[in-house]
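**Q** After the structure tokens below, expect a handful of questions from me.
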Amino acid sequence: MSEDMEKAKQIVTAVDNIRLEMSKIIVGQDDVFKQLMISLFSGTHCFMVGVPGLAKTLIVSTLARVMQLSFKRIQFTPDLMPSDITGTDIIQEDTETGKRQFVFNQGPIFANMVLADEINRTPPKTQAALLEAMQEKQVTAAGQTFKLEKPFFVLATQNPIEQEGTYPLPEAQLDRFMLNIFVDYPSEQEEMLILKNTTGISQTELKPVLNAQDIISLQEIVRKVPVGDHVFQYALDLVRRTRPSENDAPKIVKEYLEIGAGPRAGQNLILGAKAYALMQGRFHVTCADVEFLALPVLRHRLATNFNAESEGVRTDDIIKELIKQVPHKSV
């Protein structure tokens with residue numbers, strides 16, 4: 001346990017150093033950074049929603065550089081095919097024998113960090129090409145299975161304002177993303193700093209902080225963080241009360257939700273809370289850690305009904321009201 005505690009302290013130091021390096025390029029977006037680190041240390045995936053120009057792609061590529069991870073960006077378009085993501089067989093001639101044979105040419109999914117840019121611009125068939133990779137950490141092509149190198153992290157982006165030419169993500173795929181991270185506009189002071197930093201000729205060098213093996217080791221520590229029964233119960237209460245069919249579901253849930261969150265939401269609340277606790281320098285989880293993750297974990301797992309759409313009630317509004325009504329459990 002003492003060895004685990006020492007390694008746990010490394011997460012605090014690592015997060016501080018990563019944030020310091022990223023601040024050389026990325027201005028503000030502290031909550032976005034925290035949630036990205038939670039997802040990474042939890043060994044899960046996430047997607048960011050925000051209007052164009054908020055540095056979503058830059059945040060991910062910078063994070064990959066600081067942690068010495070291989071990085072690939074896939075631009076999702078209506079004509080993108082599944083093989084454009086996973087890879088395809090190509091005919092290759094053996095220079096010695098002259099014989100031709102099929103050789104699998106790996107696609108961009110074979111990287112530590114994969115950015116699925118504007119994921120909702122491609123049809124569901126192509127979106128589904130990510131499912132096996134995200135869940136099983138492997139790719140099956142032409143009857144062969146290829147393991148993906150750890151750590152493996154998919155981060156998708158989505159534009160919330162353009163609906164024409166987009167395709168909704170299947171529920172099964174949405175559920176595989178641990179967090180739905182909302183990227184907001186910078187403050188006036190932050191935007192002024194962005195203008196000054198990005199319109200000159202200076203180039204910034206980033207120092208590496210972690211490598212792939214460090215991340216894998218820290219992900220193992222996250223799993224070992226103990227959680228009290230009262231925290232499990234609080235996470236369970238939050239998830240179950242998002243379901244309109246539950247007797248003790250709040251009025252706002254019964255009135256505005258069509259579908260509530262499934263069991264994977266509770267798993268992600270607990271796992272993310274473990275990572276967040278370590279980032280705070282604690283080797284135990286509190287109900288407040290779970291509450292911090294309620295919005296990004298639940299917002300993409302709830303389906304609103306016609307009443308909500310007609311009255312402008314968002315999933316975030318429902319989750320915030322739910323948090324008010326579900327008390328923290330005591331030990």
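Identifiers in the structure tokens: chain A, B, ... in order shown; residue index from 1 per chain; ligand index from 1 in order shown.
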Give me the residues within 7 Å of Leu169 in chain A as a PDB file with C-alpha atoms, in the first residue's frame, counting only C-alpha atoms and dropping any in the same chain fewer than 2 places off.
**A**
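Dumped to part-v3.pdb:
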```pdb
ATOM      1  CA  ASN A 120     -20.936  13.131 -36.402  1.00  0.00           C
ATOM      2  CA  PRO A 124     -23.195   5.241 -38.563  1.00  0.00           C
ATOM      3  CA  TYR A 167     -25.488  11.903 -38.407  1.00  0.00           C
ATOM      4  CA  GLU A 171     -26.492   5.100 -28.458  1.00  0.00           C
ATOM      5  CA  GLN A 173     -21.206   4.314 -29.257  1.00  0.00           C
ATOM      6  CA  LEU A 174     -22.148   7.291 -27.106  1.00  0.00           C
TER       7      LEU A 174
END
```
**Q** Separation of CA of Pro151 in chain A and CA of Met5 in chain A, in Å?
**A**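 Interatomic distance here is 22.0 Å.
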**Q** Show which residues sit within 12 Å of Lys251 in chain A, as a list in words. Count only C-alpha atoms, and ignore same-chain residues fewer than 4 positions away.
**A**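 The residues that qualify are Arg241, Thr242, Arg243, Pro244, Ser245, Glu246, Asn247, Glu255, Tyr256, Leu257, Ile318, Glu321, Leu322 and Gln325 of chain A.
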**Q** Give me the residues near Val49 in chain A as number ranges by chain, where near means some atom within 10 Å (using only C-alpha atoms) and where sequence neighbours in that chain fewer than 6 positions away do not count.
**A** A: 56, 118, 156-161, 180-184
**Q** Keeping only N, CA and C atoms, write the selected residues to a file as an mmCIF file, in the first residue's frame.
**A**
```
data_model
loop_
_atom_site.group_PDB
_atom_site.id
_atom_site.type_symbol
_atom_site.label_atom_id
_atom_site.label_comp_id
_atom_site.auth_asym_id
_atom_site.auth_seq_id
_atom_site.Cartn_x
_atom_site.Cartn_y
_atom_site.Cartn_z
ATOM 1 N N LYS A 56 -9.877 22.775 -29.761
ATOM 2 C CA LYS A 56 -10.105 21.385 -29.336
ATOM 3 C C LYS A 56 -9.014 20.458 -29.882
ATOM 4 N N GLU A 118 -14.870 15.869 -35.676
ATOM 5 C CA GLU A 118 -16.235 16.013 -36.216
ATOM 6 C C GLU A 118 -16.831 14.639 -36.528
ATOM 7 N N ALA A 156 -13.091 12.270 -29.400
ATOM 8 C CA ALA A 156 -13.878 12.738 -30.538
ATOM 9 C C ALA A 156 -14.297 14.190 -30.313
ATOM 10 N N THR A 157 -14.491 14.914 -31.400
ATOM 11 C CA THR A 157 -15.028 16.269 -31.302
ATOM 12 C C THR A 157 -16.317 16.346 -32.106
ATOM 13 N N GLN A 158 -17.154 17.276 -31.703
ATOM 14 C CA GLN A 158 -18.446 17.440 -32.365
ATOM 15 C C GLN A 158 -18.835 18.907 -32.335
ATOM 16 N N ASN A 159 -19.332 19.394 -33.457
ATOM 17 C CA ASN A 159 -19.800 20.771 -33.565
ATOM 18 C C ASN A 159 -21.280 20.803 -33.191
ATOM 19 N N PRO A 160 -21.662 21.564 -32.156
ATOM 20 C CA PRO A 160 -23.049 21.526 -31.685
ATOM 21 C C PRO A 160 -24.039 22.351 -32.492
ATOM 22 N N ILE A 161 -23.556 23.175 -33.430
ATOM 23 C CA ILE A 161 -24.473 24.115 -34.069
ATOM 24 C C ILE A 161 -24.869 23.725 -35.488
ATOM 25 N N ASN A 180 -18.499 13.512 -21.702
ATOM 26 C CA ASN A 180 -18.889 14.470 -22.725
ATOM 27 C C ASN A 180 -18.445 15.838 -22.203
ATOM 28 N N ILE A 181 -17.346 16.336 -22.753
ATOM 29 C CA ILE A 181 -16.723 17.560 -22.239
ATOM 30 C C ILE A 181 -17.209 18.766 -23.034
ATOM 31 N N PHE A 182 -17.790 19.717 -22.335
ATOM 32 C CA PHE A 182 -18.252 20.945 -22.984
ATOM 33 C C PHE A 182 -17.120 21.969 -22.979
ATOM 34 N N VAL A 183 -16.773 22.459 -24.169
ATOM 35 C CA VAL A 183 -15.711 23.459 -24.312
ATOM 36 C C VAL A 183 -16.360 24.811 -24.544
ATOM 37 N N ASP A 184 -16.168 25.718 -23.604
ATOM 38 C CA ASP A 184 -16.819 27.034 -23.661
ATOM 39 C C ASP A 184 -15.852 28.085 -24.188
#
```
**Q** Please identify all polymer residues within 10 Å of Arg301 in chain A, counting only C-alpha atoms, omitting same-chain residues fewer than 3 positions from it, and present them as a ChimeraX atom specification.
**A** /A:171-172,174-180,242,259-262,264-265,296-298,304,315
**Q** Convert the current residue selection to file output with N, CA and C atoms, as a short mmCIF file (atom, residue, chain, number, x, y, z; two decimals), in the first residue's frame.
**A**
```
data_model
loop_
_atom_site.label_atom_id
_atom_site.label_comp_id
_atom_site.auth_asym_id
_atom_site.auth_seq_id
_atom_site.Cartn_x
_atom_site.Cartn_y
_atom_site.Cartn_z
N GLU A 171 -26.51 5.12 -29.92
CA GLU A 171 -26.49 5.10 -28.46
C GLU A 171 -25.38 4.21 -27.93
N ALA A 172 -25.15 3.07 -28.60
CA ALA A 172 -24.11 2.15 -28.15
C ALA A 172 -22.73 2.80 -28.19
N LEU A 174 -22.16 6.21 -28.09
CA LEU A 174 -22.15 7.29 -27.11
C LEU A 174 -21.81 6.77 -25.72
N ASP A 175 -22.36 5.60 -25.39
CA ASP A 175 -22.18 5.04 -24.06
C ASP A 175 -20.74 4.62 -23.81
N ARG A 176 -19.96 4.43 -24.87
CA ARG A 176 -18.57 4.02 -24.71
C ARG A 176 -17.64 5.19 -24.42
N PHE A 177 -18.15 6.38 -24.56
CA PHE A 177 -17.37 7.56 -24.17
C PHE A 177 -17.64 7.84 -22.70
N MET A 178 -16.58 7.90 -21.92
CA MET A 178 -16.75 8.13 -20.49
C MET A 178 -17.31 9.53 -20.22
N LEU A 179 -16.74 10.52 -20.88
CA LEU A 179 -17.10 11.91 -20.60
C LEU A 179 -17.53 12.64 -21.86
N ASN A 180 -18.50 13.51 -21.70
CA ASN A 180 -18.89 14.47 -22.72
C ASN A 180 -18.44 15.84 -22.20
N THR A 242 -32.11 8.83 -12.80
CA THR A 242 -32.25 9.42 -14.14
C THR A 242 -33.26 8.64 -14.97
N ILE A 259 -35.29 8.38 -21.82
CA ILE A 259 -34.41 7.28 -21.41
C ILE A 259 -33.39 7.80 -20.41
N GLY A 260 -33.12 7.01 -19.38
CA GLY A 260 -32.11 7.36 -18.38
C GLY A 260 -30.78 6.67 -18.65
N ALA A 261 -29.85 6.84 -17.74
CA ALA A 261 -28.51 6.28 -17.90
C ALA A 261 -28.48 4.80 -17.53
N GLY A 262 -27.59 4.05 -18.18
CA GLY A 262 -27.42 2.63 -17.91
C GLY A 262 -26.31 2.38 -16.88
N ARG A 264 -23.29 1.44 -17.14
CA ARG A 264 -21.94 1.93 -17.44
C ARG A 264 -21.74 3.35 -16.92
N ALA A 265 -22.81 4.11 -16.78
CA ALA A 265 -22.69 5.46 -16.22
C ALA A 265 -22.18 5.40 -14.79
N PRO A 296 -20.45 15.71 -16.93
CA PRO A 296 -19.81 15.13 -18.12
C PRO A 296 -20.08 13.64 -18.31
N VAL A 297 -20.36 12.90 -17.24
CA VAL A 297 -20.63 11.47 -17.37
C VAL A 297 -22.05 11.20 -17.83
N LEU A 298 -23.00 12.00 -17.37
CA LEU A 298 -24.41 11.70 -17.62
C LEU A 298 -25.02 12.43 -18.82
N THR A 304 -33.81 13.18 -23.94
CA THR A 304 -34.96 14.01 -23.59
C THR A 304 -36.14 13.69 -24.50
N THR A 315 -30.42 18.54 -21.01
CA THR A 315 -30.01 17.47 -20.09
C THR A 315 -29.20 18.04 -18.93
#
```
**Q** I'd like the neighbourhood of Leu130 in chain A as a list in words, where a residue qualifies if any of its atoms comes within 10 Å (using only C-alpha atoms), though same-chain residues fewer than 4 positions away should be ignored.
**A**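 Listing them by chain and then by number gives Pro82, Ile85, Thr86, Ile109, Ala116, Lys125, Thr126, Met134, Gln135, Lys137, Gln138, Val139, Val154, Gln173 and Arg176 of chain A.
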**Q** Generate a file of the selected residues that holds N, CA and C atoms, formatted as a short mmCIF file (atom, residue, chain, number, x, y, z; two decimals), in the first residue's frame.
**A**
```
data_model
loop_
_atom_site.label_atom_id
_atom_site.label_comp_id
_atom_site.auth_asym_id
_atom_site.auth_seq_id
_atom_site.Cartn_x
_atom_site.Cartn_y
_atom_site.Cartn_z
N PRO A 82 -15.07 2.61 -43.32
CA PRO A 82 -14.49 1.95 -42.15
C PRO A 82 -13.02 1.58 -42.33
N ILE A 85 -10.30 3.97 -41.45
CA ILE A 85 -10.00 4.09 -40.02
C ILE A 85 -9.15 2.92 -39.53
N THR A 86 -9.63 1.71 -39.85
CA THR A 86 -8.97 0.52 -39.31
C THR A 86 -7.77 0.07 -40.14
N ILE A 109 -6.18 4.31 -36.73
CA ILE A 109 -6.64 3.89 -35.41
C ILE A 109 -5.48 3.31 -34.59
N ALA A 116 -10.86 11.78 -33.29
CA ALA A 116 -11.93 11.60 -34.27
C ALA A 116 -12.61 12.96 -34.45
N LYS A 125 -22.35 3.54 -40.13
CA LYS A 125 -21.53 2.38 -40.49
C LYS A 125 -20.06 2.66 -40.24
N THR A 126 -19.62 3.86 -40.58
CA THR A 126 -18.22 4.21 -40.38
C THR A 126 -17.95 4.53 -38.91
N MET A 134 -12.58 0.80 -29.36
CA MET A 134 -12.78 1.48 -28.09
C MET A 134 -13.06 0.52 -26.94
N GLN A 135 -13.83 -0.53 -27.21
CA GLN A 135 -14.24 -1.44 -26.14
C GLN A 135 -13.23 -2.56 -25.90
N LYS A 137 -10.11 -2.81 -27.41
CA LYS A 137 -8.71 -2.42 -27.65
C LYS A 137 -8.07 -3.30 -28.72
N GLN A 138 -8.84 -3.61 -29.76
CA GLN A 138 -8.34 -4.42 -30.86
C GLN A 138 -9.11 -4.08 -32.13
N VAL A 139 -8.56 -4.50 -33.26
CA VAL A 139 -9.18 -4.28 -34.57
C VAL A 139 -9.21 -5.60 -35.31
N VAL A 154 -9.29 7.38 -27.36
CA VAL A 154 -10.03 8.02 -28.45
C VAL A 154 -10.69 9.28 -27.92
N GLN A 173 -22.51 3.65 -29.17
CA GLN A 173 -21.21 4.31 -29.26
C GLN A 173 -21.10 5.45 -28.25
N ARG A 176 -19.96 4.43 -24.87
CA ARG A 176 -18.57 4.02 -24.71
C ARG A 176 -17.64 5.19 -24.42
#
```
**Q** For Ala141 in chain A, please output as a CSV table (one decimal) with C-alpha atoms, in the first residue's frame all residues within 10 Å (counting only C-alpha atoms; exclusion window: fewer than 5 positions along the same chain).
**A**
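Full text of out20.csv as output:
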```csv
chain,number,residue,atom,x,y,z
A,83,SER,CA,-11.3,0.8,-43.8
A,86,THR,CA,-9.0,0.5,-39.3
A,87,GLY,CA,-6.7,-0.2,-42.3
A,88,THR,CA,-6.9,-2.4,-45.4
A,89,ASP,CA,-5.2,-5.3,-47.1
A,104,PHE,CA,-2.5,-5.5,-43.8
A,106,GLN,CA,-2.6,-0.3,-40.5
A,146,PHE,CA,-4.8,-6.9,-34.2
```
**Q** From the list A:Val27, A:Lys274, A:Ile216, A:Gly43, which residue is nearest Gln189 in chain A when using only C-alpha atoms?
**A**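 Answer, going by the shortest atom-to-atom distance: A:Val27.
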**Q** What is the CA of Gln68 in chain A to CA of Arg223 in chain A distance in Å?
**A** 23.0 Å
**Q** Identify, with DSSP run on backbone atoms, the residues in range 47-180 of chain A assigned to helix (DSSP H, G or I), and express the list as number ranges by chain.
**A** A: 56-66, 82-86, 119-121, 124-127, 129-136, 171-174
**Q** Could you give me the residues within range 148-294 of chain A that DSSP places in strand (DSSP E), as a list in words?
**A**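 The strand (DSSP E) residues within range 148-294 of chain A come out as Phe153, Val154, Leu155, Ala156, Thr157, Gln158, Phe177, Met178, Leu179, Asn180, Ile181, Phe182, Leu257, Glu258 and Ile259 of chain A.
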**Q** Using N, CA and C atoms, can you write the selected residues to a file as an mmCIF file, in the first residue's frame?
**A**
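Produced file result04.cif, reproduced below:
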```cif
data_model
loop_
_atom_site.group_PDB
_atom_site.id
_atom_site.type_symbol
_atom_site.label_atom_id
_atom_site.label_comp_id
_atom_site.auth_asym_id
_atom_site.auth_seq_id
_atom_site.Cartn_x
_atom_site.Cartn_y
_atom_site.Cartn_z
ATOM 1 N N PHE A 153 -6.412 5.772 -26.471
ATOM 2 C CA PHE A 153 -7.322 6.823 -26.032
ATOM 3 C C PHE A 153 -7.962 7.470 -27.256
ATOM 4 N N VAL A 154 -9.290 7.378 -27.357
ATOM 5 C CA VAL A 154 -10.025 8.020 -28.446
ATOM 6 C C VAL A 154 -10.693 9.279 -27.923
ATOM 7 N N LEU A 155 -10.439 10.373 -28.600
ATOM 8 C CA LEU A 155 -11.093 11.622 -28.243
ATOM 9 C C LEU A 155 -11.797 12.153 -29.487
ATOM 10 N N ALA A 156 -13.091 12.270 -29.400
ATOM 11 C CA ALA A 156 -13.878 12.738 -30.538
ATOM 12 C C ALA A 156 -14.297 14.190 -30.313
ATOM 13 N N THR A 157 -14.491 14.914 -31.400
ATOM 14 C CA THR A 157 -15.028 16.269 -31.302
ATOM 15 C C THR A 157 -16.317 16.346 -32.106
ATOM 16 N N GLN A 158 -17.154 17.276 -31.703
ATOM 17 C CA GLN A 158 -18.446 17.440 -32.365
ATOM 18 C C GLN A 158 -18.835 18.907 -32.335
ATOM 19 N N PHE A 177 -18.152 6.383 -24.560
ATOM 20 C CA PHE A 177 -17.368 7.559 -24.166
ATOM 21 C C PHE A 177 -17.637 7.841 -22.698
ATOM 22 N N MET A 178 -16.584 7.895 -21.924
ATOM 23 C CA MET A 178 -16.754 8.133 -20.493
ATOM 24 C C MET A 178 -17.313 9.526 -20.223
ATOM 25 N N LEU A 179 -16.744 10.516 -20.881
ATOM 26 C CA LEU A 179 -17.101 11.908 -20.599
ATOM 27 C C LEU A 179 -17.530 12.640 -21.861
ATOM 28 N N ASN A 180 -18.499 13.512 -21.702
ATOM 29 C CA ASN A 180 -18.889 14.470 -22.725
ATOM 30 C C ASN A 180 -18.445 15.838 -22.203
ATOM 31 N N ILE A 181 -17.346 16.336 -22.753
ATOM 32 C CA ILE A 181 -16.723 17.560 -22.239
ATOM 33 C C ILE A 181 -17.209 18.766 -23.034
ATOM 34 N N PHE A 182 -17.790 19.717 -22.335
ATOM 35 C CA PHE A 182 -18.252 20.945 -22.984
ATOM 36 C C PHE A 182 -17.120 21.969 -22.979
ATOM 37 N N LEU A 257 -37.564 13.293 -19.449
ATOM 38 C CA LEU A 257 -36.635 12.299 -19.985
ATOM 39 C C LEU A 257 -37.371 11.109 -20.595
ATOM 40 N N GLU A 258 -36.860 10.665 -21.725
ATOM 41 C CA GLU A 258 -37.370 9.467 -22.383
ATOM 42 C C GLU A 258 -36.615 8.235 -21.897
ATOM 43 N N ILE A 259 -35.285 8.380 -21.820
ATOM 44 C CA ILE A 259 -34.415 7.281 -21.408
ATOM 45 C C ILE A 259 -33.387 7.801 -20.414
#
```
**Q** Between CA of Thr77 in chain A and CA of Thr122 in chain A, what is the spacing in Å?
**A** 5.0 Å
**Q** Looking at only C-alpha atoms, which of A:Glu205, A:Glu291, A:Phe152, A:Gln75 is the one that sits closest to Glu136 in chain A?
**A**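 Closest to Glu136 in chain A of all the choices is A:Phe152.
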